[in-house]
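Okay, entry24.txt is below, compact mmCIF, C-alpha atoms:
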# COMPACT_ATOMS: atom_id res chain seq x y z
CA MET A 1 -124.71 68.10 -10.40
CA SER A 2 -122.27 70.91 -11.15
CA ASP A 3 -119.07 70.59 -13.14
CA TYR A 4 -116.96 71.64 -10.23
CA VAL A 5 -113.66 69.75 -9.75
CA LEU A 6 -111.43 69.93 -6.70
CA VAL A 7 -107.78 69.40 -7.60
CA VAL A 8 -105.79 68.19 -4.58
CA GLU A 9 -102.14 68.37 -5.58
CA ASP A 10 -99.09 69.73 -3.78
CA ASP A 11 -97.14 70.54 -6.94
CA PHE A 12 -98.46 73.96 -7.88
CA ASP A 13 -97.23 73.81 -11.49
CA LEU A 14 -99.15 70.59 -12.09
CA ALA A 15 -102.24 71.74 -10.21
CA GLU A 16 -102.35 74.97 -12.17
CA VAL A 17 -102.02 73.39 -15.61
CA VAL A 18 -104.74 70.84 -14.72
CA GLN A 19 -106.95 73.71 -13.57
CA HIS A 20 -106.45 75.50 -16.91
CA MET A 21 -107.16 72.26 -18.76
CA LEU A 22 -110.38 71.71 -16.81
CA GLU A 23 -111.55 75.30 -17.30
CA HIS A 24 -110.83 75.03 -20.99
CA ASN A 25 -113.18 72.03 -21.08
CA GLY A 26 -116.06 73.74 -19.32
CA PHE A 27 -115.35 72.77 -15.70
CA THR A 28 -114.72 75.04 -12.79
CA ALA A 29 -111.78 74.04 -10.62
CA THR A 30 -110.46 74.85 -7.19
CA LEU A 31 -106.99 73.94 -5.98
CA ALA A 32 -106.02 72.46 -2.64
CA ALA A 33 -102.36 71.90 -1.80
CA ASN A 34 -102.97 69.07 0.68
CA GLY A 35 -105.65 66.95 2.32
CA GLN A 36 -106.44 69.51 5.02
CA GLU A 37 -107.06 72.28 2.49
CA ALA A 38 -109.20 69.83 0.54
CA LEU A 39 -111.36 69.03 3.59
CA ASP A 40 -111.84 72.76 4.14
CA ALA A 41 -112.81 73.20 0.48
CA VAL A 42 -115.40 70.39 0.42
CA ALA A 43 -116.98 71.79 3.60
CA VAL A 44 -117.69 74.99 1.67
CA SER A 45 -118.84 73.39 -1.57
CA MET A 46 -119.08 69.73 -2.59
CA PRO A 47 -117.33 69.13 -5.94
CA SER A 48 -118.61 66.76 -8.60
CA VAL A 49 -115.16 65.11 -8.74
CA ILE A 50 -112.06 65.15 -6.54
CA LEU A 51 -108.69 64.66 -8.23
CA LEU A 52 -106.44 63.39 -5.47
CA ASP A 53 -102.66 63.15 -5.29
CA MET A 54 -101.54 60.71 -2.57
CA LEU A 55 -98.16 61.88 -1.32
CA MET A 56 -98.63 65.38 0.07
CA PRO A 57 -97.42 67.32 3.10
CA VAL A 58 -99.67 68.24 6.06
CA MET A 59 -102.31 65.62 5.22
CA ASP A 60 -101.76 62.89 2.65
CA GLY A 61 -104.31 61.32 0.31
CA TRP A 62 -105.03 58.30 2.53
CA GLU A 63 -105.92 60.44 5.54
CA PHE A 64 -107.97 62.82 3.41
CA ALA A 65 -109.95 59.90 1.95
CA ARG A 66 -110.55 58.46 5.43
CA GLN A 67 -111.79 61.74 6.86
CA PHE A 68 -113.81 62.59 3.74
CA ALA A 69 -115.59 59.23 3.88
CA ALA A 70 -116.29 59.65 7.60
CA ARG A 71 -117.79 63.10 7.13
CA HIS A 72 -119.36 62.95 3.68
CA GLY A 73 -119.71 59.27 2.71
CA ASN A 74 -119.31 58.95 -1.02
CA ALA A 75 -120.71 62.38 -1.79
CA ALA A 76 -118.10 62.90 -4.52
CA PRO A 77 -116.11 60.40 -6.57
CA ILE A 78 -112.37 60.41 -6.04
CA VAL A 79 -109.95 59.97 -8.90
CA VAL A 80 -106.44 59.15 -7.68
CA VAL A 81 -103.74 60.86 -9.74
CA SER A 82 -100.48 59.25 -8.76
CA ALA A 83 -96.87 58.98 -9.90
CA ALA A 84 -96.58 55.66 -8.10
CA GLU A 85 -96.27 52.56 -10.27
CA ASN A 86 -99.22 51.07 -8.41
CA ALA A 87 -101.73 53.89 -8.85
CA LEU A 88 -104.55 51.35 -9.14
CA ASP A 89 -103.57 49.74 -5.83
CA ARG A 90 -103.62 53.10 -4.18
CA ALA A 91 -107.03 53.84 -5.62
CA SER A 92 -108.47 50.58 -4.33
CA GLU A 93 -106.88 51.14 -0.90
CA ILE A 94 -109.03 54.23 -0.40
CA GLY A 95 -112.08 53.08 -2.35
CA ALA A 96 -111.52 55.60 -5.14
CA THR A 97 -113.55 55.40 -8.31
CA GLU A 98 -110.66 55.61 -10.77
CA ALA A 99 -106.90 55.99 -10.98
CA VAL A 100 -104.82 57.96 -13.43
CA SER A 101 -101.06 57.54 -13.63
CA LYS A 102 -98.72 60.47 -14.02
CA PRO A 103 -97.83 61.48 -16.64
CA PHE A 104 -101.32 61.38 -18.15
CA GLU A 105 -102.83 62.29 -21.48
CA GLY A 106 -104.82 65.50 -21.02
CA ARG A 107 -107.66 64.19 -23.18
CA LYS A 108 -107.91 60.96 -21.18
CA LEU A 109 -107.96 62.85 -17.89
CA ILE A 110 -110.87 64.99 -19.09
CA GLU A 111 -112.70 61.88 -20.38
CA THR A 112 -112.25 60.19 -17.00
CA ILE A 113 -113.58 63.22 -15.13
CA ARG A 114 -116.59 63.45 -17.45
CA ARG A 115 -117.32 59.76 -16.99
CA VAL A 116 -117.13 59.67 -13.20
CA SER A 117 -118.91 62.99 -12.72
CA SER A 118 -121.91 61.75 -14.71
CA VAL A 119 -122.56 58.86 -12.31
CA PRO A 120 -125.25 59.78 -9.75
CA ARG A 121 -124.01 59.74 -6.15
CA GLU A 122 -125.74 59.18 -2.84
CA VAL A 123 -125.42 62.43 -0.94
CA PRO A 124 -125.88 62.04 2.82
CA THR A 125 -128.96 63.89 4.10
CA ASP A 126 -127.58 64.51 7.54
CA MET B 1 -71.03 27.24 10.46
CA LEU B 2 -73.22 24.43 11.65
CA GLY B 3 -72.39 20.75 11.59
CA GLU B 4 -75.30 18.40 11.76
CA GLN B 5 -75.13 14.65 12.22
CA HIS B 6 -78.76 13.69 12.33
CA PRO B 7 -81.88 15.09 10.66
CA ASP B 8 -83.42 15.71 14.03
CA ASP B 9 -80.38 17.22 15.64
CA LEU B 10 -79.48 20.73 14.57
CA VAL B 11 -76.99 22.31 16.98
CA GLY B 12 -78.61 20.35 19.73
CA ILE B 13 -82.21 21.18 18.81
CA GLY B 14 -84.58 19.80 16.19
CA PRO B 15 -85.32 21.67 12.93
CA GLU B 16 -88.82 22.71 14.13
CA GLU B 17 -87.42 24.22 17.29
CA PHE B 18 -84.56 25.80 15.31
CA THR B 19 -86.90 27.57 12.84
CA ARG B 20 -89.25 28.60 15.65
CA ARG B 21 -86.57 29.90 18.00
CA PHE B 22 -84.72 31.87 15.32
CA ASN B 23 -87.90 32.86 13.43
CA LEU B 24 -86.40 31.94 10.05
CA MET B 25 -88.03 33.65 7.09
CA SER B 26 -87.37 33.78 3.40
CA SER B 27 -86.62 37.22 1.93
CA ASP B 28 -90.31 37.64 0.98
CA GLY B 29 -91.33 37.26 4.63
CA HIS B 30 -92.65 33.67 4.59
CA LEU B 31 -91.69 31.40 7.47
CA ILE B 32 -89.39 28.65 6.28
CA ASP B 33 -90.73 25.15 6.63
CA PRO B 34 -88.35 23.03 8.74
CA ASP B 35 -88.26 20.43 5.94
CA ASP B 36 -87.02 23.14 3.57
CA LEU B 37 -84.00 24.03 5.68
CA ILE B 38 -80.97 23.73 3.48
CA SER B 39 -79.23 21.45 5.98
CA GLN B 40 -82.24 19.11 5.95
CA ARG B 41 -82.18 18.99 2.17
CA ALA B 42 -78.43 18.37 2.22
CA LEU B 43 -78.91 15.45 4.60
CA LYS B 44 -81.51 13.96 2.26
CA GLY B 45 -79.19 14.40 -0.70
CA ASP B 46 -81.57 16.89 -2.37
CA GLU B 47 -80.40 19.83 -4.42
CA GLN B 48 -79.09 22.64 -2.21
CA ARG B 49 -79.38 26.02 -3.81
CA PRO B 50 -78.00 28.89 -1.71
CA TYR B 51 -80.74 31.21 -0.49
CA LYS B 52 -81.21 34.37 1.46
CA VAL B 53 -82.75 33.95 4.87
CA VAL B 54 -83.97 36.48 7.43
CA ILE B 55 -83.27 35.45 11.01
CA ALA B 56 -85.40 37.37 13.46
CA PRO B 57 -85.02 35.88 16.94
CA SER B 58 -87.29 37.47 19.50
CA GLY B 59 -85.55 40.29 21.40
CA HIS B 60 -82.51 40.32 19.12
CA PRO B 61 -81.61 42.33 16.00
CA THR B 62 -82.69 40.85 12.68
CA VAL B 63 -79.90 39.31 10.62
CA VAL B 64 -79.96 38.65 6.89
CA ALA B 65 -77.81 35.70 5.89
CA MET B 66 -76.88 33.83 2.74
CA VAL B 67 -77.10 30.13 3.52
CA THR B 68 -75.33 27.29 1.83
CA ALA B 69 -74.95 23.64 2.82
CA ALA B 70 -73.16 20.54 1.68
CA PRO B 71 -73.60 16.88 2.54
CA VAL B 72 -70.61 15.01 3.89
CA ARG B 73 -69.97 11.36 3.03
CA PRO B 74 -67.09 9.76 4.94
CA LEU B 75 -66.78 7.24 2.09
CA ALA B 76 -67.07 8.32 -1.53
CA ASP B 77 -70.02 6.03 -2.25
CA GLY B 78 -71.23 5.78 1.30
CA PRO B 79 -74.29 7.32 2.93
CA ILE B 80 -74.50 10.96 3.94
CA GLU B 81 -73.63 11.18 7.58
CA LEU B 82 -73.21 14.87 8.10
CA ALA B 83 -74.32 18.17 6.63
CA VAL B 84 -72.34 21.37 6.93
CA SER B 85 -74.24 24.64 6.60
CA VAL B 86 -72.65 28.03 6.32
CA MET B 87 -74.61 31.18 7.17
CA HIS B 88 -72.90 34.26 5.85
CA ASP B 89 -74.10 37.48 7.49
CA ILE B 90 -75.01 39.89 4.66
CA THR B 91 -77.14 42.28 6.74
CA ALA B 92 -75.09 45.39 5.98
CA PHE B 93 -74.80 44.55 2.30
CA ASP B 94 -78.53 43.82 2.09
CA GLN B 95 -79.46 47.11 3.75
CA LEU B 96 -77.17 49.04 1.42
CA HIS B 97 -78.54 47.20 -1.60
CA ASN B 98 -82.15 47.89 -0.60
CA ALA B 99 -81.40 51.56 0.12
CA ARG B 100 -79.78 51.94 -3.30
CA GLU B 101 -82.68 50.29 -5.09
CA GLU B 102 -85.20 52.34 -3.11
CA PHE B 103 -83.32 55.47 -4.13
CA VAL B 104 -83.49 54.44 -7.79
CA ALA B 105 -87.23 53.74 -7.52
CA SER B 106 -87.85 57.03 -5.69
CA ALA B 107 -85.82 59.02 -8.21
CA ALA B 108 -87.74 57.36 -11.04
CA HIS B 109 -91.04 58.26 -9.36
CA ALA B 110 -89.92 61.81 -8.79
CA LEU B 111 -89.21 62.23 -12.51
CA ARG B 112 -92.80 61.44 -13.44
CA THR B 113 -94.32 64.62 -12.04
CA PRO B 114 -92.10 67.03 -14.05
CA VAL B 115 -92.84 64.99 -17.18
CA ALA B 116 -96.56 65.16 -16.35
CA ILE B 117 -96.32 68.96 -16.15
CA ILE B 118 -94.46 69.31 -19.45
CA LYS B 119 -96.94 67.03 -21.22
CA ALA B 120 -99.95 68.70 -19.63
CA HIS B 121 -98.78 72.09 -20.88
CA LEU B 122 -98.38 70.63 -24.34
CA HIS B 123 -101.91 69.20 -24.23
CA LEU B 124 -103.25 72.49 -22.91
CA LEU B 125 -101.71 74.32 -25.86
CA ALA B 126 -103.33 71.82 -28.23
CA MET B 127 -106.71 72.21 -26.48
CA SER B 128 -106.40 75.97 -26.73
CA GLY B 129 -105.92 75.75 -30.48
CA ILE B 130 -102.42 77.21 -30.34
CA GLU B 131 -100.55 75.65 -33.21
CA LEU B 132 -97.00 74.57 -32.56
CA PRO B 133 -94.80 73.25 -35.36
CA PRO B 134 -95.70 69.52 -35.61
CA THR B 135 -92.07 68.52 -35.16
CA THR B 136 -91.91 70.46 -31.88
CA VAL B 137 -94.91 68.56 -30.52
CA GLN B 138 -93.53 65.23 -31.74
CA VAL B 139 -90.10 65.87 -30.26
CA ILE B 140 -91.52 66.85 -26.86
CA GLU B 141 -93.85 63.82 -26.83
CA ARG B 142 -91.05 61.54 -27.97
CA GLN B 143 -88.55 62.72 -25.36
CA CYS B 144 -91.15 62.64 -22.58
CA GLY B 145 -92.03 59.10 -23.65
CA LYS B 146 -88.37 58.09 -23.39
CA ILE B 147 -88.09 59.50 -19.87
CA VAL B 148 -91.29 57.74 -18.79
CA ARG B 149 -90.18 54.38 -20.21
CA LEU B 150 -86.80 54.80 -18.56
CA THR B 151 -88.45 55.51 -15.20
CA GLU B 152 -90.78 52.51 -15.59
CA ASN B 153 -87.85 50.25 -16.43
CA LEU B 154 -85.81 51.57 -13.50
CA ILE B 155 -88.69 50.99 -11.11
CA VAL B 156 -89.21 47.41 -12.34
CA LEU B 157 -85.47 46.74 -12.17
CA ALA B 158 -85.30 48.06 -8.60
CA ARG B 159 -88.28 45.91 -7.60
CA ILE B 160 -86.83 42.80 -9.24
CA SER B 161 -83.51 43.40 -7.58
CA THR B 162 -85.08 43.59 -4.10
CA ASP B 163 -87.59 40.76 -4.66
CA SER B 164 -90.42 43.25 -4.25
CA LEU B 165 -91.94 43.21 -7.73
CA ARG B 166 -95.69 42.75 -7.38
CA LEU B 167 -97.67 41.70 -10.42
CA HIS B 168 -101.43 42.14 -10.69
CA PRO B 169 -102.57 39.53 -13.21
CA GLN B 170 -105.90 39.99 -14.95
CA PRO B 171 -107.38 38.80 -18.26
CA VAL B 172 -105.70 40.81 -21.01
CA SER B 173 -106.57 40.90 -24.69
CA CYS B 174 -103.22 40.86 -26.47
CA ALA B 175 -104.69 42.50 -29.58
CA GLU B 176 -106.13 45.41 -27.59
CA LEU B 177 -102.98 45.84 -25.56
CA VAL B 178 -100.73 45.84 -28.61
CA GLU B 179 -103.01 48.27 -30.42
CA GLU B 180 -102.73 50.66 -27.47
CA VAL B 181 -98.96 50.25 -27.22
CA ALA B 182 -98.54 50.68 -30.97
CA ARG B 183 -100.51 53.94 -30.82
CA ASP B 184 -98.18 55.23 -28.09
CA MET B 185 -95.01 54.04 -29.78
CA LYS B 186 -95.83 55.14 -33.34
CA GLU B 187 -94.15 58.48 -32.82
CA ALA B 188 -91.42 57.13 -30.54
CA SER B 189 -88.90 56.95 -33.37
CA ALA B 190 -88.22 59.78 -35.79
CA ASP B 191 -86.66 57.33 -38.18
CA HIS B 192 -88.99 54.33 -38.35
CA GLY B 193 -92.57 53.49 -39.09
CA LEU B 194 -94.56 51.05 -36.97
CA ILE B 195 -97.04 48.61 -38.49
CA ASN B 196 -99.52 46.82 -36.28
CA GLN B 197 -100.92 43.46 -37.47
CA VAL B 198 -103.46 41.26 -35.75
CA ASP B 199 -103.71 37.59 -36.61
CA GLY B 200 -105.75 36.29 -33.70
CA GLU B 201 -107.10 37.67 -30.48
CA PRO B 202 -105.60 35.57 -27.70
CA MET B 203 -106.39 36.33 -24.09
CA VAL B 204 -103.66 35.95 -21.48
CA PHE B 205 -103.65 36.23 -17.71
CA ALA B 206 -101.03 38.88 -17.01
CA ASP B 207 -100.27 42.22 -15.39
CA ARG B 208 -101.50 44.59 -18.07
CA ASP B 209 -99.18 47.50 -17.27
CA ARG B 210 -96.08 45.33 -17.00
CA LEU B 211 -96.90 43.40 -20.16
CA GLY B 212 -97.39 46.75 -21.89
CA LEU B 213 -93.95 47.83 -20.69
CA ALA B 214 -92.36 44.62 -22.01
CA VAL B 215 -93.97 45.20 -25.44
CA ARG B 216 -92.88 48.86 -25.48
CA ASN B 217 -89.35 47.68 -24.73
CA LEU B 218 -89.48 45.16 -27.59
CA ILE B 219 -90.46 47.95 -29.99
CA GLU B 220 -87.88 50.36 -28.56
CA LEU B 221 -85.11 47.79 -29.05
CA ALA B 222 -86.33 47.07 -32.58
CA TYR B 223 -86.17 50.79 -33.42
CA ARG B 224 -82.68 50.97 -32.02
CA ARG B 225 -81.39 47.87 -33.80
CA SER B 226 -83.00 48.36 -37.19
CA ARG B 227 -81.82 50.15 -40.28
CA PRO B 228 -82.84 53.79 -40.59
CA ARG B 229 -85.99 54.60 -42.56
CA THR B 230 -87.39 51.07 -42.32
CA ASN B 231 -90.58 49.81 -40.76
CA VAL B 232 -90.93 47.80 -37.60
CA THR B 233 -93.89 45.41 -37.54
CA ILE B 234 -95.63 44.25 -34.41
CA MET B 235 -97.94 41.28 -34.75
CA VAL B 236 -100.25 39.44 -32.39
CA SER B 237 -101.02 35.82 -33.16
CA LYS B 238 -102.13 32.63 -31.54
CA ILE B 239 -99.82 29.69 -32.07
CA GLU B 240 -101.40 26.51 -30.73
CA ALA B 241 -102.21 27.40 -27.14
CA LYS B 242 -99.77 30.27 -26.93
CA ALA B 243 -100.23 33.97 -27.46
CA ARG B 244 -97.35 35.45 -29.41
CA ILE B 245 -96.43 39.14 -29.65
CA CYS B 246 -93.75 39.39 -32.30
CA VAL B 247 -91.68 42.35 -33.46
CA THR B 248 -90.04 42.10 -36.88
CA TYR B 249 -87.44 44.47 -38.26
CA GLU B 250 -84.57 44.80 -40.72
CA PRO B 251 -81.35 44.65 -38.71
CA PHE B 252 -78.22 46.52 -39.62
CA VAL B 253 -76.15 44.63 -42.16
CA ASP B 254 -72.36 44.27 -42.02
CA GLY B 255 -70.58 47.58 -42.26
CA GLU B 256 -73.71 49.66 -41.70
CA GLN B 257 -73.23 50.02 -37.99
CA LEU B 258 -69.83 50.63 -36.49
CA GLY B 259 -69.01 49.44 -33.00
CA ARG B 260 -70.51 46.52 -31.18
CA GLY B 261 -73.36 46.21 -33.62
CA ASP B 262 -75.74 44.56 -31.19
CA GLY B 263 -77.41 47.77 -30.17
CA ALA B 264 -76.09 47.39 -26.64
CA GLY B 265 -73.73 50.28 -27.22
CA PHE B 266 -76.45 52.82 -27.25
CA SER B 267 -79.12 50.95 -25.43
CA GLY B 268 -76.95 52.16 -22.57
CA LEU B 269 -77.59 49.77 -19.74
CA GLY B 270 -79.21 46.82 -21.49
CA LEU B 271 -82.07 47.78 -19.22
CA GLU B 272 -84.93 47.07 -21.62
CA GLN B 273 -83.71 43.57 -22.48
CA HIS B 274 -83.26 42.65 -18.84
CA VAL B 275 -86.72 43.95 -17.93
CA ILE B 276 -88.35 42.09 -20.85
CA GLU B 277 -86.71 38.81 -19.80
CA SER B 278 -87.61 39.26 -16.14
CA LEU B 279 -91.23 40.23 -16.82
CA ALA B 280 -91.67 37.39 -19.30
CA SER B 281 -90.36 34.85 -16.86
CA ALA B 282 -92.45 36.27 -13.98
CA SER B 283 -95.57 35.85 -16.16
CA ARG B 284 -94.86 32.25 -17.29
CA GLY B 285 -93.79 33.64 -20.64
CA THR B 286 -90.75 33.16 -22.82
CA LEU B 287 -88.68 35.43 -25.03
CA GLY B 288 -87.60 34.11 -28.41
CA SER B 289 -85.77 35.42 -31.42
CA GLU B 290 -84.91 34.41 -34.95
CA ASP B 291 -82.72 35.78 -37.73
CA ARG B 292 -83.80 35.11 -41.29
CA ASP B 293 -81.06 35.54 -43.90
CA ARG B 294 -79.68 38.32 -41.74
CA THR B 295 -82.19 40.63 -43.43
CA GLN B 296 -85.09 40.10 -41.11
CA HIS B 297 -84.96 39.74 -37.37
CA LYS B 298 -87.79 38.67 -35.11
CA ASP B 299 -88.13 38.98 -31.34
CA TRP B 300 -91.22 37.62 -29.66
CA LEU B 301 -92.87 37.13 -26.34
CA GLU B 302 -94.97 34.05 -25.83
CA PHE B 303 -97.45 33.44 -23.03
CA PRO B 304 -99.88 30.65 -22.27
CA THR B 305 -103.38 31.68 -23.30
CA MET B 306 -106.14 31.65 -20.73
CA VAL B 307 -107.57 28.53 -22.37
CA GLU B 308 -104.28 26.73 -21.83
CA LEU B 309 -104.01 28.00 -18.25
CA SER B 310 -107.49 26.71 -17.48
CA HIS B 311 -106.21 23.19 -18.20
CA VAL B 312 -103.22 23.50 -15.85
Same coordinates, now as structure tokens:
Amino acid sequence: MSDYVLVVEDDFDLAEVVQHMLEHNGFTATLAANGQEALDAVAVSMPSVILLDMLMPVMDGWEFARQFAARHGNAAPIVVVSAAENALDRASEIGATEAVSKPFEGRKLIETIRRVSSVPREVPTD
Amino acid sequence: MLGEQHPDDLVGIGPEEFTRRFNLMSSDGHLIDPDDLISQRALKGDEQRPYKVVIAPSGHPTVVAMVTAAPVRPLADGPIELAVSVMHDITAFDQLHNAREEFVASAAHALRTPVAIIKAHLHLLAMSGIELPPTTVQVIERQCGKIVRLTENLIVLARISTDSLRLHPQPVSCAELVEEVARDMKEASADHGLINQVDGEPMVFADRDRLGLAVRNLIELAYRRSRPRTNVTIMVSKIEAKARICVTYEPFVDGEQLGRGDGAGFSGLGLEQHVIESLASASRGTLGSEDRDRTQHKDWLEFPTMVELSHV
């Protein structure tokens, strides 16, 4: 399992600083500005973790999670990163592994990613 | 206005037919039981508290109404022979109120992303080993913390005000929660220390995030209302079958604080206090306070422990 994280976030400033944070902690990170870009990215290379914002233009987090599950099962854990007061609700709505509320502690975000990325996943063979 | 002379005769139709035909719902979307109609309660001589009702007759626009009722006795000591109900159409007011509260909640949400970016940059600098003056880091963390608490309080207030606050109760260790909150709030005041004491490890059944917000608010108010350069103590204890989270501080003494002196002046909106009271009451808790010799003030939250709840 690689240490490749896909950051799905429409706010470029936030996405970029999270990318720097991840790279500083030994991960590689790719950015996607919405659910459609994220689906394109996972088709090229499956990340070890997907950080997913929920409210995004073009394709939101719910639709991304639905299409991702339909195409790839649970090939990668999803961590919902949300500014909503009910981030945990949103995570459970889409069957995500974890939820992190904005604003987050950088150290805790990295710990969460390390924890979920270390859990073996069932990758579909077809 | 409806006049009703018999429990089974409401404007010519029975209460069951009335609720069915007009699809009467409470503001949280539950169908109103015909026996709970205010006119029915008035006829029985029960207490009649005004309530908001949503009337959604099929094929017609939905109306929100405030309903009141009163029993009528032709003779002072005689039986109730009539009930008068008044339905006041508050649809426009209700829509405006909800729109305003939704705007407040949305604005509060929108503030969280910029704060997340500022904090993330700060954490990135720390991870990169770039040393900033400690006070700079503390000030940024402190001010970001204030904005986040303000947004959380505004969101809760908006939800309370529109009856849409949803709590997610779960078993919560008060000691663990308070330790976490104390860690966050230690640097929240430049002028006070925070001491965390544990005298028991009660478990309560509560919404962890909301309880955390209530405790943060207690500490924030204690910082604001206490003398400069003094400590605030937060203590968890178990008193009989109750879990108590108590904040103790040295309040201002006469002449030390000019103005209203109750802290409301610069607590701005009284937001924290209102949110603490509302969250406590929504979680079967109570808020208490005590002044000892005017040199020590205590505010506490008390909740039934899970052991006590299991006997209810």
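Pairwise distance (atom CA of B:Val54, atom CA of B:Val275) equals 26.6 Å.
For the pair atom CA of B:Asp94 and atom CA of B:Val53, the separation is 11.1 Å.
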At a cut-off of 10 Å, which residues of chain B touch chain A? Count only C-alpha atoms and give the answer as an NGL selection string.
:B and (105-106 or 108-128 or 144-145 or 148 or 151-152 or 155-156 or 166-168 or 209-210)
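Among the candidates A:Asp40, A:Ala29, A:Glu23, A:Val8, the one nearest to A:Pro57 when counting only C-alpha atoms is A:Val8.
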For B:Glu180: contacts at 12 Å, only C-alpha atoms, fewer than 2 positions along chain excluded, given as a ChimeraX atom specification
/B:173-178,182-186,196,208-209,211-213,215-216,234
I'd like the contact shell of B:Ala206 - 10 Å cut-off, all atoms listed in the file, skipping same-chain residues fewer than 5 positions apart - returned as a PyMOL selection string.
chain B and resi 167-174+211-212+279-280+282-285+303-306
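What separates atom CA of B:Val104 from atom CA of A:Trp62 is a distance of 24.2 Å.
Minimum atom-to-atom distance to B:Glu179, evaluated using only C-alpha atoms, belongs to B:Met235 out of B:Val247, B:Met235, B:Leu218, B:Leu96.
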Do you know which residues are at most 12 Å from B:Ile32 counting all atoms listed in the file, after dropping those on the same chain fewer than 6 positions away, and could you put them as a PyMOL selection string?
chain B and resi 15-16+18-20+22-26+38+40+51-56
Repair of stretch 95-100 of chain A at the level of all heavy atoms, as a compact mmCIF listing (two decimals), in the coordinates of the input:
# COMPACT_ATOMS: atom_id res chain seq x y z
N GLY A 95 -110.74 53.19 -1.77
CA GLY A 95 -112.08 53.08 -2.35
C GLY A 95 -112.37 54.13 -3.40
O GLY A 95 -113.52 54.56 -3.58
N ALA A 96 -111.32 54.58 -4.10
CA ALA A 96 -111.52 55.60 -5.14
C ALA A 96 -112.19 55.00 -6.36
O ALA A 96 -112.14 53.78 -6.58
CB ALA A 96 -110.18 56.20 -5.54
N THR A 97 -112.81 55.86 -7.15
CA THR A 97 -113.55 55.40 -8.31
C THR A 97 -112.62 55.02 -9.46
O THR A 97 -112.84 54.05 -10.16
CB THR A 97 -114.50 56.52 -8.79
OG1 THR A 97 -115.20 57.00 -7.65
CG2 THR A 97 -115.48 56.02 -9.82
N GLU A 98 -111.57 55.82 -9.64
CA GLU A 98 -110.66 55.61 -10.77
C GLU A 98 -109.24 55.97 -10.36
O GLU A 98 -109.03 56.62 -9.32
CB GLU A 98 -111.05 56.55 -11.94
CG GLU A 98 -112.35 56.21 -12.62
CD GLU A 98 -112.16 55.36 -13.86
OE1 GLU A 98 -111.00 55.02 -14.19
OE2 GLU A 98 -113.18 55.02 -14.49
N ALA A 99 -108.29 55.58 -11.20
CA ALA A 99 -106.90 55.99 -10.98
C ALA A 99 -106.31 56.43 -12.30
O ALA A 99 -106.60 55.85 -13.35
CB ALA A 99 -106.09 54.84 -10.42
N VAL A 100 -105.52 57.47 -12.24
CA VAL A 100 -104.82 57.96 -13.43
C VAL A 100 -103.35 58.07 -13.07
O VAL A 100 -103.00 58.63 -12.03
CB VAL A 100 -105.37 59.36 -13.84
CG1 VAL A 100 -104.56 59.95 -14.97
CG2 VAL A 100 -106.84 59.27 -14.23
